[in-house]
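*Asks:* Okay, handing you the structure first.
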Amino acid sequence: FVIAIDQEGGRVARLKSPFPDQGPAEFLVEGYQDRDDLWLENYGMMVGGSLKVLGINVNFAPVVDILANEENPSIGDRVFGRTPELVAGRAGAYLKGLQQGGVQGCLKHFPGQGDAKVDTHEGTAIITAAIELLEKREFAPFENLLATSPMIMISHSVYSALDDKPASLSEKIMKGLLRERMGFSGVIVSDDMNMGALPQDLQLWSEAIVEAVAAGADMVLVCQHLEKCQLAHEALVKAAQSSKVFLARLEEAAARMTKLRRSLL
């Protein structure tokens with residue numbers, strides 16, 4: 001099984017003291033301007049080992065966003081730096097440590113959520129950066145680290161230069177950009193589908209679950225309300241029964257999940 005948690009450290013930490021937590025990523029090793037990959041690797045190993053002892057085998061970390069908007073209400077000090085080079089180096093060292101501790105990590109939030117002006121927990125975030133800027137800034141650390149991670153989490157933000165849909169519902173972004181252009185072959189996981197950036201009316205929400213998988217997500221997160229997990233399952237089964245194309249997409253996703261599970265044994 002995949003037993004996963006959000007344990008970034010700082011304000012996004014589901015496990016509290018005495019679990020090891022040196023605070024938000026931005027200020028590890030005395031702040032983002034310093035870079036000590038060995039310290040970050042060792043710290044990641046300590047976090048990974050501590051999670052493994054508890055039976056947890058996946059940590060939805062590290063954040064690989066670039067804090068381009070200082071007023072970003074969601075990302076803030078969760079970043080590992082303010083430049084693609086610094087984020088790739090520091091987040092990569094932390095991820096390597098997690099893996100050495102026996103836990104897999106997950107790069108997030110693709111294709112980069114640091115320029116958002118709205119918290120996707122609360123509503124729609126539209127990122128208007130031009131494609132040239134996205135390529136230089138947002139995409140760069142993900143591309144640098146793709147080969148080191150079996151999982152990538154997709155943002156619910158809308159990237160107007162790429163699609164008019166949230167990334168988590170966008171075939172252009174998940175299949176066209178991440179799979180075909182960048183060559184990522186691992187598991188694509190959605191951010192929590194209960195967030196305000198997506199419709200929460202139960203019928204529309206169920207449709208969004210199917211749309212996310214059809215567009216390329218291999219795993220959809222439903223982090224609250226067990227009854228909504230059942231609704232998601234029912235929606236996926238119904239869609240598979242009515243469409244051979246969607247059934248094939250589910251089988252493809254299941255194969256990737258099986259490969260991930262085997263790597264966690």
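Quick note on naming: the chains in the structure tokens go A, B, ... in the order shown, residues restart at 1 in each chain, and ligands are numbered from 1 in order of appearance.
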Which polymer residues have any atom within 10 Å of an atom of A:Met182, counting only C-alpha atoms, with same-chain residues fewer than 6 positions away left out, as number ranges by chain?

*Replies:* A: 139, 142-143, 146, 175-176

*Asks:* How would the residues just picked look written out with N, CA and C atoms as a tab-separated table (two decimals), in the first residue's frame?

*Replies:*
chain	number	residue	atom	x	y	z
A	139	PHE	N	9.41	25.80	-14.79
A	139	PHE	CA	9.67	24.44	-15.26
A	139	PHE	C	11.06	23.94	-14.86
A	142	PHE	N	11.78	21.47	-11.87
A	142	PHE	CA	11.11	20.19	-12.10
A	142	PHE	C	11.89	19.37	-13.13
A	143	GLU	N	12.25	20.00	-14.23
A	143	GLU	CA	13.00	19.29	-15.26
A	143	GLU	C	14.32	18.76	-14.71
A	146	LEU	N	13.28	15.61	-12.40
A	146	LEU	CA	12.34	14.57	-12.86
A	146	LEU	C	12.87	13.17	-12.71
A	175	LYS	N	-0.30	15.46	-19.97
A	175	LYS	CA	0.16	14.58	-21.04
A	175	LYS	C	1.11	15.30	-22.00
A	176	GLY	N	0.67	16.44	-22.49
A	176	GLY	CA	1.46	17.14	-23.49
A	176	GLY	C	2.78	17.67	-22.96

*Asks:* If you run DSSP on the backbone here, which positions in stretch 19-127 of chain A get helix (DSSP H, G or I)? Please write them as number ranges by chain.

*Replies:* A: 25-27, 37-53, 76-78, 84-100

*Asks:* Could you go through stretch 131-247 of chain A and tell me which residues DSSP, when run on the backbone, assigns to strand (DSSP E), listing them as a ChimeraX atom specification?

*Replies:* /A:151-154,158-159,187-192,219-221

*Asks:* Can you spit out the residues from that selection as a PDB file, in the first residue's frame, using N, CA and C atoms?

*Replies:*
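Printed below is result.pdb as written:
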ATOM      1  N   MET A 151       7.244  10.427  -8.364  1.00  0.00           N
ATOM      2  CA  MET A 151       5.927  11.049  -8.234  1.00  0.00           C
ATOM      3  C   MET A 151       6.023  12.551  -8.425  1.00  0.00           C
ATOM      4  N   ILE A 152       5.013  13.113  -9.077  1.00  0.00           N
ATOM      5  CA  ILE A 152       4.878  14.562  -9.202  1.00  0.00           C
ATOM      6  C   ILE A 152       3.429  14.933  -8.906  1.00  0.00           C
ATOM      7  N   MET A 153       3.243  15.953  -8.057  1.00  0.00           N
ATOM      8  CA  MET A 153       1.903  16.452  -7.742  1.00  0.00           C
ATOM      9  C   MET A 153       1.562  17.625  -8.654  1.00  0.00           C
ATOM     10  N   ILE A 154       0.331  17.603  -9.182  1.00  0.00           N
ATOM     11  CA  ILE A 154      -0.155  18.631 -10.099  1.00  0.00           C
ATOM     12  C   ILE A 154      -0.923  19.705  -9.343  1.00  0.00           C
ATOM     13  N   VAL A 158      -4.599  27.595 -12.652  1.00  0.00           N
ATOM     14  CA  VAL A 158      -4.775  27.743 -14.092  1.00  0.00           C
ATOM     15  C   VAL A 158      -3.569  28.510 -14.641  1.00  0.00           C
ATOM     16  N   TYR A 159      -2.970  27.994 -15.705  1.00  0.00           N
ATOM     17  CA  TYR A 159      -1.827  28.644 -16.358  1.00  0.00           C
ATOM     18  C   TYR A 159      -2.301  29.107 -17.724  1.00  0.00           C
ATOM     19  N   VAL A 187       4.429   8.456 -11.532  1.00  0.00           N
ATOM     20  CA  VAL A 187       3.042   8.662 -11.114  1.00  0.00           C
ATOM     21  C   VAL A 187       2.737  10.157 -11.037  1.00  0.00           C
ATOM     22  N   ILE A 188       1.653  10.562 -11.693  1.00  0.00           N
ATOM     23  CA  ILE A 188       1.132  11.921 -11.562  1.00  0.00           C
ATOM     24  C   ILE A 188      -0.003  11.884 -10.554  1.00  0.00           C
ATOM     25  N   VAL A 189       0.112  12.684  -9.506  1.00  0.00           N
ATOM     26  CA  VAL A 189      -0.902  12.713  -8.448  1.00  0.00           C
ATOM     27  C   VAL A 189      -1.505  14.110  -8.371  1.00  0.00           C
ATOM     28  N   SER A 190      -2.807  14.183  -8.189  1.00  0.00           N
ATOM     29  CA  SER A 190      -3.458  15.488  -8.051  1.00  0.00           C
ATOM     30  C   SER A 190      -3.195  16.052  -6.660  1.00  0.00           C
ATOM     31  N   ASP A 191      -3.329  17.364  -6.526  1.00  0.00           N
ATOM     32  CA  ASP A 191      -3.456  17.952  -5.199  1.00  0.00           C
ATOM     33  C   ASP A 191      -4.831  17.531  -4.660  1.00  0.00           C
ATOM     34  N   ASP A 192      -5.114  17.855  -3.415  1.00  0.00           N
ATOM     35  CA  ASP A 192      -6.378  17.451  -2.800  1.00  0.00           C
ATOM     36  C   ASP A 192      -7.564  17.943  -3.633  1.00  0.00           C
ATOM     37  N   MET A 219      -3.280   9.197  -9.791  1.00  0.00           N
ATOM     38  CA  MET A 219      -3.805   9.135  -8.430  1.00  0.00           C
ATOM     39  C   MET A 219      -4.503  10.458  -8.136  1.00  0.00           C
ATOM     40  N   VAL A 220      -5.686  10.398  -7.559  1.00  0.00           N
ATOM     41  CA  VAL A 220      -6.370  11.613  -7.133  1.00  0.00           C
ATOM     42  C   VAL A 220      -6.483  11.591  -5.614  1.00  0.00           C
ATOM     43  N   LEU A 221      -6.124  12.694  -4.995  1.00  0.00           N
ATOM     44  CA  LEU A 221      -6.167  12.782  -3.541  1.00  0.00           C
ATOM     45  C   LEU A 221      -7.525  13.291  -3.074  1.00  0.00           C
TER      46      LEU A 221
END

*Asks:* Residues within 10 Å of A:Leu231, please, as a list in words. Count only C-alpha atoms; anything in the same chain fewer than 6 positions from it doesn't count.

*Replies:*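 Near neighbours after the sequence-gap exclusion: Leu202, Gln203, Trp205, Ser206, Ile209 and Val237 of chain A.
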
*Asks:* For those residues, write N, CA and C atoms to a file as a PDB file, in the first residue's frame.

*Replies:*
ATOM      1  N   LEU A 202     -21.381  18.142  -5.400  1.00  0.00           N
ATOM      2  CA  LEU A 202     -21.010  16.732  -5.469  1.00  0.00           C
ATOM      3  C   LEU A 202     -21.044  16.166  -6.884  1.00  0.00           C
ATOM      4  N   GLN A 203     -22.018  16.580  -7.691  1.00  0.00           N
ATOM      5  CA  GLN A 203     -22.079  16.079  -9.062  1.00  0.00           C
ATOM      6  C   GLN A 203     -20.912  16.614  -9.884  1.00  0.00           C
ATOM      7  N   TRP A 205     -18.141  17.786  -8.716  1.00  0.00           N
ATOM      8  CA  TRP A 205     -16.910  17.267  -8.113  1.00  0.00           C
ATOM      9  C   TRP A 205     -16.614  15.860  -8.641  1.00  0.00           C
ATOM     10  N   SER A 206     -17.636  15.016  -8.705  1.00  0.00           N
ATOM     11  CA  SER A 206     -17.456  13.657  -9.232  1.00  0.00           C
ATOM     12  C   SER A 206     -16.996  13.695 -10.689  1.00  0.00           C
ATOM     13  N   ILE A 209     -13.316  14.471 -10.806  1.00  0.00           N
ATOM     14  CA  ILE A 209     -12.493  13.292 -10.509  1.00  0.00           C
ATOM     15  C   ILE A 209     -12.218  12.525 -11.795  1.00  0.00           C
ATOM     16  N   VAL A 237     -15.642   4.016 -11.565  1.00  0.00           N
ATOM     17  CA  VAL A 237     -16.183   2.733 -12.038  1.00  0.00           C
ATOM     18  C   VAL A 237     -17.222   2.965 -13.131  1.00  0.00           C
TER      19      VAL A 237
END

*Asks:* Taking only C-alpha atoms into account, name the residue in A:Ile75, A:Met174, A:Leu28, A:Ile3 that is nearest to A:Val118.

*Replies:* A:Ile75

*Asks:* One number please: atom CA of A:Phe19 to atom CA of A:Leu51, in Å, one decimal.

*Replies:*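 One can read the atom CA of A:Phe19 to atom CA of A:Leu51 distance as 8.9 Å.
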
*Asks:* So which one's closest to A:Ala232, A:Ala215, A:Leu204, A:Val245, A:Leu265? Using only C-alpha atoms, please.

*Replies:*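 Of A:Ala215, A:Leu204, A:Val245, A:Leu265, the one nearest A:Ala232 is A:Leu204, counting only C-alpha atoms.
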
*Asks:* Taking only C-alpha atoms into account, name the residue in A:Thr83, A:Leu95, A:Ala68, A:Asp77 that is nearest to A:Ile127.

*Replies:*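 Counting only C-alpha atoms, the residue closest to A:Ile127 is A:Ala68.
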
*Asks:* Leaving out stretch 193-200 of chain A and any residue of its chain fewer than 4 positions from it, which residues lie within 10 Å of it when counting only C-alpha atoms, given as a ChimeraX atom specification?

*Replies:* /A:118-126,155-158,166,168-169,204-209,212,220-225,228,232

*Asks:* If we count only C-alpha atoms and set the cut-off at 12 Å, which residues sit around A:Ala239, ignoring sequence neighbours fewer than 4 positions away in its own chain? Please answer as a list in words.

*Replies:*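 My list of contacting residues is Ser206, Glu207, Ala208, Ile209, Val210, Glu211, Val213, Ala214, Ala232, His233, Glu234, Ala235, Ser243, Lys244, Val245, Phe246, Leu247, Ala248, Arg249 and Leu250 of chain A.
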